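Structure below is model34.csv: CSV, C-alpha atoms.
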```
chain,number,residue,atom,x,y,z
A,1,MET,CA,141.3,70.4,279.8
A,2,ALA,CA,143.1,70.5,283.2
A,3,SER,CA,146.1,68.2,283.4
A,4,GLU,CA,149.0,67.6,285.7
A,5,GLY,CA,151.9,70.1,285.3
A,6,LYS,CA,149.8,72.9,283.7
A,7,ILE,CA,150.2,76.3,285.3
A,8,LYS,CA,146.9,77.6,286.6
A,9,LYS,CA,147.8,81.0,287.9
A,10,VAL,CA,150.6,83.6,287.4
A,11,SER,CA,151.3,86.7,289.5
A,12,ILE,CA,153.5,89.1,287.7
A,13,VAL,CA,155.4,92.0,289.2
A,14,VAL,CA,156.0,95.0,287.0
A,15,SER,CA,158.8,97.1,288.5
A,16,LYS,CA,160.3,99.1,285.6
A,17,GLY,CA,158.9,102.2,283.9
A,18,SER,CA,160.4,101.9,280.4
A,19,LEU,CA,158.7,100.4,277.4
A,20,ASP,CA,160.9,97.4,277.5
A,21,GLY,CA,160.4,97.2,281.2
A,22,VAL,CA,156.6,97.3,281.1
A,23,TYR,CA,155.6,95.3,278.0
A,24,PRO,CA,157.0,91.8,278.9
A,25,GLY,CA,154.7,91.8,282.0
A,26,LEU,CA,151.7,92.9,280.1
A,27,ILE,CA,152.3,90.3,277.3
A,28,MET,CA,152.7,87.6,279.9
A,29,ALA,CA,149.5,88.5,281.7
A,30,ASN,CA,147.5,88.7,278.5
A,31,GLY,CA,149.1,85.5,277.3
A,32,ALA,CA,148.2,83.8,280.5
A,33,ARG,CA,144.5,84.8,280.2
A,34,MET,CA,144.6,83.6,276.6
A,35,GLU,CA,145.6,80.2,277.9
A,36,GLY,CA,142.9,80.2,280.5
A,37,MET,CA,145.3,80.9,283.4
A,38,GLU,CA,144.4,83.3,286.2
A,39,ALA,CA,146.6,86.4,286.0
A,40,ASN,CA,147.5,89.0,288.6
A,41,LEU,CA,149.6,92.1,287.8
A,42,PHE,CA,151.3,93.9,290.6
A,43,PHE,CA,152.8,97.3,289.7
A,44,THR,CA,155.6,98.6,291.9
A,45,PHE,CA,158.1,101.5,291.7
A,46,PHE,CA,158.4,102.8,288.2
A,47,GLY,CA,156.1,100.1,287.0
A,48,LEU,CA,153.3,102.1,288.6
A,49,GLU,CA,153.5,104.5,285.6
A,50,ALA,CA,151.8,101.9,283.5
A,51,ILE,CA,148.6,102.3,285.5
A,52,ILE,CA,148.8,106.1,286.2
A,53,LYS,CA,146.2,107.7,283.9
A,54,LYS,CA,148.5,110.7,283.1
A,55,LYS,CA,151.6,108.7,282.4
A,56,GLN,CA,150.6,105.3,280.9
A,57,ASN,CA,150.7,106.4,277.3
A,58,ARG,CA,153.9,108.4,277.7
A,59,ILE,CA,156.2,105.5,278.6
A,60,LYS,CA,159.5,105.7,276.7
A,61,VAL,CA,162.5,103.5,275.8
A,62,ALA,CA,165.9,104.6,277.1
A,63,THR,CA,168.5,105.5,274.5
A,64,ILE,CA,171.3,106.3,276.9
A,65,GLY,CA,173.1,103.6,278.9
A,66,ASN,CA,170.9,101.0,277.4
A,67,PRO,CA,173.1,98.3,275.9
A,68,GLY,CA,170.1,96.6,274.4
A,69,MET,CA,169.6,99.5,272.0
A,70,HIS,CA,173.0,99.0,270.4
A,71,MET,CA,173.3,102.7,270.2
A,72,PRO,CA,176.3,104.7,271.4
A,73,SER,CA,175.3,106.9,274.3
A,74,LEU,CA,176.6,110.0,272.5
A,75,LEU,CA,174.1,109.4,269.8
A,76,GLY,CA,171.4,108.4,272.3
A,77,MET,CA,171.9,111.6,274.1
A,78,LEU,CA,170.8,113.8,271.2
A,79,PRO,CA,167.6,115.7,271.8
A,80,GLY,CA,164.6,113.8,270.4
A,81,MET,CA,166.4,110.4,270.2
A,82,SER,CA,164.5,108.8,273.0
A,83,ALA,CA,161.2,110.1,271.6
A,84,PHE,CA,162.1,108.9,268.1
A,85,ALA,CA,163.1,105.5,269.3
A,86,THR,CA,159.9,105.3,271.3
A,87,TRP,CA,157.8,106.3,268.4
A,88,MET,CA,159.5,103.7,266.1
A,89,MET,CA,158.9,101.0,268.7
A,90,ASN,CA,155.3,101.9,269.3
A,91,ARG,CA,154.6,102.0,265.5
A,92,THR,CA,156.2,98.5,265.1
A,93,MET,CA,154.2,97.1,267.9
A,94,ASP,CA,151.0,98.6,266.6
A,95,LYS,CA,151.5,96.9,263.3
A,96,LEU,CA,151.8,93.6,265.2
A,97,ASP,CA,148.6,94.4,267.0
A,98,ILE,CA,150.3,94.9,270.3
A,99,PRO,CA,148.2,97.7,271.8
A,100,PRO,CA,149.6,100.9,273.5
A,101,VAL,CA,149.9,100.5,277.3
A,102,GLY,CA,146.5,102.0,278.2
A,103,GLU,CA,144.6,99.9,275.8
A,104,PHE,CA,146.6,96.8,276.7
A,105,ILE,CA,145.7,97.3,280.4
A,106,GLU,CA,142.0,97.6,279.4
A,107,MET,CA,142.3,94.4,277.3
A,108,ILE,CA,143.9,92.5,280.2
A,109,SER,CA,141.3,93.7,282.6
A,110,ASP,CA,138.4,92.8,280.3
A,111,ALA,CA,140.0,89.4,279.8
A,112,GLY,CA,139.7,88.8,283.6
A,113,GLY,CA,143.2,89.7,284.7
A,114,LYS,CA,143.5,91.5,288.0
A,115,LEU,CA,145.6,94.6,288.5
A,116,TYR,CA,147.0,96.1,291.7
A,117,ALA,CA,149.2,98.9,292.8
A,118,CYS,CA,152.0,98.4,295.4
A,119,LYS,CA,151.1,100.2,298.6
A,120,ALA,CA,154.7,101.0,299.4
A,121,THR,CA,155.2,102.9,296.2
A,122,VAL,CA,151.8,104.5,296.4
A,123,ASP,CA,152.7,105.8,299.9
A,124,MET,CA,156.1,107.0,298.7
A,125,TRP,CA,154.7,109.0,295.9
A,126,LYS,CA,151.6,110.1,297.8
A,127,LEU,CA,149.2,108.7,295.2
A,128,SER,CA,145.6,107.5,295.5
A,129,MET,CA,143.1,105.4,293.4
A,130,GLU,CA,142.1,108.6,291.6
A,131,ASP,CA,145.5,108.7,289.9
A,132,PHE,CA,145.0,105.3,288.5
A,133,CYS,CA,143.2,104.1,285.5
A,134,ASP,CA,139.7,102.5,286.0
A,135,GLN,CA,141.0,99.0,285.6
A,136,VAL,CA,143.1,98.9,288.8
A,137,ASP,CA,141.4,96.6,291.3
A,138,GLY,CA,143.0,98.1,294.4
A,139,ILE,CA,146.2,99.0,296.3
A,140,ARG,CA,147.8,96.0,298.0
A,141,THR,CA,150.8,95.3,300.2
A,142,VAL,CA,153.6,92.9,299.5
A,143,GLY,CA,151.9,90.5,302.0
A,144,ASP,CA,148.6,90.7,300.1
A,145,PHE,CA,150.6,90.0,296.9
A,146,TYR,CA,152.1,86.8,298.3
A,147,GLU,CA,148.6,85.7,299.5
A,148,MET,CA,147.1,86.1,296.1
A,149,ALA,CA,150.1,84.5,294.4
A,150,ALA,CA,149.9,81.4,296.5
A,151,GLY,CA,149.6,78.2,294.6
A,152,GLY,CA,150.7,79.8,291.3
A,153,GLU,CA,153.9,81.1,289.7
A,154,ILE,CA,155.4,84.4,290.5
A,155,ILE,CA,157.2,86.3,287.7
A,156,PHE,CA,159.3,89.3,288.4
A,157,THR,CA,159.9,91.8,285.6
B,158,MET,CA,148.7,65.2,259.0
B,159,ALA,CA,146.3,62.9,260.7
B,160,GLN,CA,142.6,62.1,260.2
B,161,LYS,CA,139.8,62.1,262.7
B,162,THR,CA,136.2,61.2,262.6
B,163,ILE,CA,134.0,64.0,263.9
B,164,ALA,CA,130.3,63.9,263.8
B,165,GLY,CA,130.6,60.8,261.6
B,166,VAL,CA,132.8,62.5,259.0
B,167,ARG,CA,136.6,61.9,258.3
B,168,VAL,CA,138.4,65.2,258.5
B,169,ASP,CA,142.1,66.2,258.2
B,170,VAL,CA,143.5,67.5,261.5
B,171,ASP,CA,147.0,68.5,262.7
B,172,GLU,CA,148.7,66.9,265.7
B,173,LEU,CA,146.8,69.3,268.0
B,174,GLY,CA,143.4,68.4,266.6
B,175,TYR,CA,142.9,71.6,264.6
B,176,MET,CA,141.3,71.1,261.2
B,177,THR,CA,143.6,71.7,258.3
B,178,ASN,CA,141.0,71.8,255.6
B,179,LEU,CA,138.3,74.4,256.0
B,180,ASP,CA,136.3,72.9,253.1
B,181,GLN,CA,135.5,69.9,255.3
B,182,TRP,CA,133.9,72.0,258.0
B,183,THR,CA,130.3,71.8,258.8
B,184,LYS,CA,128.1,73.1,261.7
B,185,GLU,CA,127.7,69.6,263.1
B,186,ILE,CA,131.5,69.2,263.2
B,187,ALA,CA,131.7,72.6,265.0
B,188,LEU,CA,129.2,71.4,267.6
B,189,GLU,CA,131.3,68.3,268.2
B,190,LEU,CA,134.5,70.2,268.5
B,191,ALA,CA,132.9,72.7,270.9
B,192,LYS,CA,131.9,69.8,273.2
B,193,GLU,CA,135.6,68.6,273.1
B,194,VAL,CA,136.5,72.0,274.7
B,195,GLU,CA,133.6,71.9,277.2
B,196,ILE,CA,131.3,74.3,275.3
B,197,ASN,CA,128.0,72.4,275.2
B,198,GLU,CA,125.9,74.9,273.2
B,199,LEU,CA,126.7,77.4,270.4
B,200,THR,CA,124.6,80.5,270.5
B,201,ASP,CA,124.1,83.1,267.7
B,202,LEU,CA,127.1,85.0,269.1
B,203,HIS,CA,129.3,81.9,269.0
B,204,TRP,CA,128.4,81.4,265.3
B,205,LYS,CA,129.0,85.1,264.6
B,206,VAL,CA,132.5,84.8,266.0
B,207,VAL,CA,133.1,81.5,264.1
B,208,GLN,CA,132.0,83.2,260.8
B,209,TYR,CA,134.2,86.2,261.4
B,210,LEU,CA,137.2,84.0,262.2
B,211,GLN,CA,136.6,81.9,259.0
B,212,ASP,CA,136.3,85.1,256.9
B,213,GLU,CA,139.5,86.6,258.3
B,214,PHE,CA,141.3,83.3,257.9
B,215,LYS,CA,140.4,83.1,254.2
B,216,LYS,CA,141.8,86.6,253.8
B,217,GLY,CA,145.0,85.5,255.4
B,218,THR,CA,144.8,87.9,258.3
B,219,ALA,CA,146.8,87.1,261.4
B,220,LEU,CA,144.3,86.7,264.2
B,221,THR,CA,144.8,88.3,267.6
B,222,ILE,CA,142.5,89.0,270.5
B,223,ARG,CA,142.8,92.7,269.8
B,224,LYS,CA,141.7,92.3,266.2
B,225,VAL,CA,138.7,90.2,267.2
B,226,SER,CA,137.6,92.6,269.9
B,227,LYS,CA,137.9,95.6,267.6
B,228,SER,CA,136.0,93.8,264.8
B,229,GLY,CA,132.6,95.0,266.0
B,230,VAL,CA,131.4,91.3,266.2
B,231,ILE,CA,132.2,90.9,269.9
B,232,ASN,CA,134.1,92.7,272.7
B,233,THR,CA,136.9,91.2,274.9
B,234,LYS,CA,134.7,90.6,277.9
B,235,GLU,CA,132.1,88.7,275.9
B,236,LEU,CA,134.7,86.7,274.0
B,237,TYR,CA,136.2,85.4,277.3
B,238,ASP,CA,132.6,84.8,278.5
B,239,ILE,CA,131.4,82.6,275.7
B,240,PHE,CA,134.7,80.8,275.1
B,241,PRO,CA,136.0,80.4,278.6
B,242,GLY,CA,139.6,79.4,279.2
B,243,GLY,CA,141.5,80.1,276.0
B,244,PRO,CA,139.1,82.1,273.7
B,245,LEU,CA,141.1,82.3,270.6
B,246,LYS,CA,142.3,78.7,270.8
B,247,LYS,CA,138.8,77.3,271.4
B,248,ALA,CA,137.1,79.6,268.8
B,249,SER,CA,139.7,78.7,266.2
B,250,LEU,CA,139.3,75.0,266.9
B,251,ILE,CA,135.5,75.2,266.6
B,252,ALA,CA,135.8,77.4,263.4
B,253,GLY,CA,137.9,74.7,261.8
B,254,ILE,CA,140.9,77.0,261.3
B,255,PRO,CA,144.5,76.5,262.6
B,256,LYS,CA,145.6,77.4,266.1
B,257,PRO,CA,146.5,81.1,266.1
B,258,VAL,CA,150.3,81.7,266.2
B,259,GLY,CA,151.1,84.9,268.1
B,260,CYS,CA,151.8,86.3,271.4
B,261,VAL,CA,148.9,88.7,271.6
```
Rendering of file as structure tokens:
Amino acid sequence: MASEGKIKKVSIVVSKGSLDGVYPGLIMANGARMEGMEANLFFTFFGLEAIIKKKQNRIKVATIGNPGMHMPSLLGMLPGMSAFATWMMNRTMDKLDIPPVGEFIEMISDAGGKLYACKATVDMWKLSMEDFCDQVDGIRTVGDFYEMAAGGEIIFT
Amino acid sequence: MAQKTIAGVRVDVDELGYMTNLDQWTKEIALELAKEVEINELTDLHWKVVQYLQDEFKKGTALTIRKVSKSGVINTKELYDIFPGGPLKKASLIAGIPKPVGCV
């Protein structure tokens, strides 16, 4: 089924730690695997929370200073607003069969996607492989990332 | 809507080659369609997945990888193993149901 012009591999950087910052990368990685493309996920900075066991299912959506929410910041500031907006979003996604982050990561890994943590951020936050979920394939430098991305597309999220 | 001869039978297909009429499906057609996507043999597990997809399609359920892997019929790893390179797309083609529309 290979033909000229088809993408064979994508390497996706996940750099944000909000719901709307993490999901696009996960959907693209899963979607790539569904199309038979190789997929690498590289988590850096706040994106690392998506693979940290203790944090991956607590990722929220921002309700202050987030123009995409179309919510005045005075309202978004109220206690519980972020939690409520997050809960609503999670519920809607679940109905569409979009899994919570932890389960999604498992699905992508089971589908053959590869997941890596950025060494620079790992060093900054003094983390180790024990902090990460089982699906993480290793800690890699930016140079390693470029090597594994060679010949494919790089997507920054 | 176009027509195609598969395993000696004229069937209705869409422009991507997916069958549009499940009533025309037979196991022989499934085997031919599988060969088109480089799957040369259909094991019991393949047939189980095909059956599951057809049942869910008849119920009108939207099919996603997550749903299939939680169905108890097969898990994600096995699904990607037996339908390499586009599991839902290939399995749907072989099962005689339309290409799944969805991002998950």
* To do: Considering only C-alpha atoms, extract the chain A residues located within 8 Å of chain B and return them as number ranges by chain.
  => A: 1, 27, 30-31, 33-37, 97-99, 107, 110-112
* To do: May I have the residues within 10 Å of Asn40 (chain A) as a PyMOL selection string, using only C-alpha atoms and disregarding those fewer than 6 positions away in the same chain?
  => chain A and resi 9-13+29+32-33+108-109+112-116+145+148-149+154
* **Nearest residue to Ile64 (chain A) from the set A:Lys119, A:Val22, A:Pro100, A:Leu78 (distances using only C-alpha atoms)** =>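 Comparing A:Lys119, A:Val22, A:Pro100, A:Leu78 against Ile64 (chain A), the winner is A:Leu78.
For the pair CA of Arg140 (chain A) and CA of Ala62 (chain A), the interatomic distance is 29.0 Å.
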* To do: Select, from B:Tyr209, B:Thr183, B:Ala164, B:Ile239, the residue with the minimum atom-to-atom distance to Lys227 (chain B), counting all atoms listed in the file.
  => B:Tyr209
* What lies within 8 Å of region 171-178 of chain B using only C-alpha atoms, ignoring chain neighbours under 2 positions off, as a PyMOL selection string? -> chain B and resi 158-159+168-169+180-182+249-250+253-256
Take the residues just selected and output them with C-alpha atoms as an mmCIF file, in the coordinates of the input.
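So the final result, stored in part_23.cif, reads:
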```
data_model
loop_
_atom_site.group_PDB
_atom_site.id
_atom_site.type_symbol
_atom_site.label_atom_id
_atom_site.label_comp_id
_atom_site.auth_asym_id
_atom_site.auth_seq_id
_atom_site.Cartn_x
_atom_site.Cartn_y
_atom_site.Cartn_z
ATOM 1 C CA MET B 158 148.700 65.200 259.000
ATOM 2 C CA ALA B 159 146.300 62.900 260.700
ATOM 3 C CA VAL B 168 138.400 65.200 258.500
ATOM 4 C CA ASP B 169 142.100 66.200 258.200
ATOM 5 C CA ASP B 180 136.300 72.900 253.100
ATOM 6 C CA GLN B 181 135.500 69.900 255.300
ATOM 7 C CA TRP B 182 133.900 72.000 258.000
ATOM 8 C CA SER B 249 139.700 78.700 266.200
ATOM 9 C CA LEU B 250 139.300 75.000 266.900
ATOM 10 C CA GLY B 253 137.900 74.700 261.800
ATOM 11 C CA ILE B 254 140.900 77.000 261.300
ATOM 12 C CA PRO B 255 144.500 76.500 262.600
ATOM 13 C CA LYS B 256 145.600 77.400 266.100
#
```
* Considering all atoms listed in the file, state which residue in the set A:Lys16, A:His70, A:Lys8, A:Lys54 is at the smallest distance from Gly102 (chain A). => A:Lys54
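The spacing separating CA of Glu185 (chain B) from CA of Lys215 (chain B) amounts to 20.6 Å.
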* Do a neighbour search on Val206 (chain B) at 9 Å with all atoms listed in the file, toss out local chain neighbours closer than 3 positions, and write the hits as an NGL selection string. => :B and (201-203 or 209-211 or 225 or 230-231 or 236 or 248 or 252)
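Between CA of Val14 (chain A) and CA of Thr157 (chain A) there is a distance of 5.2 Å.
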* Would you mind listing what lies within 10 Å of Trp87 (chain A) as a ChimeraX atom specification, with all atoms listed in the file counted and same-chain residues fewer than 5 positions away left out? => /A:60-61,81-82,92-93
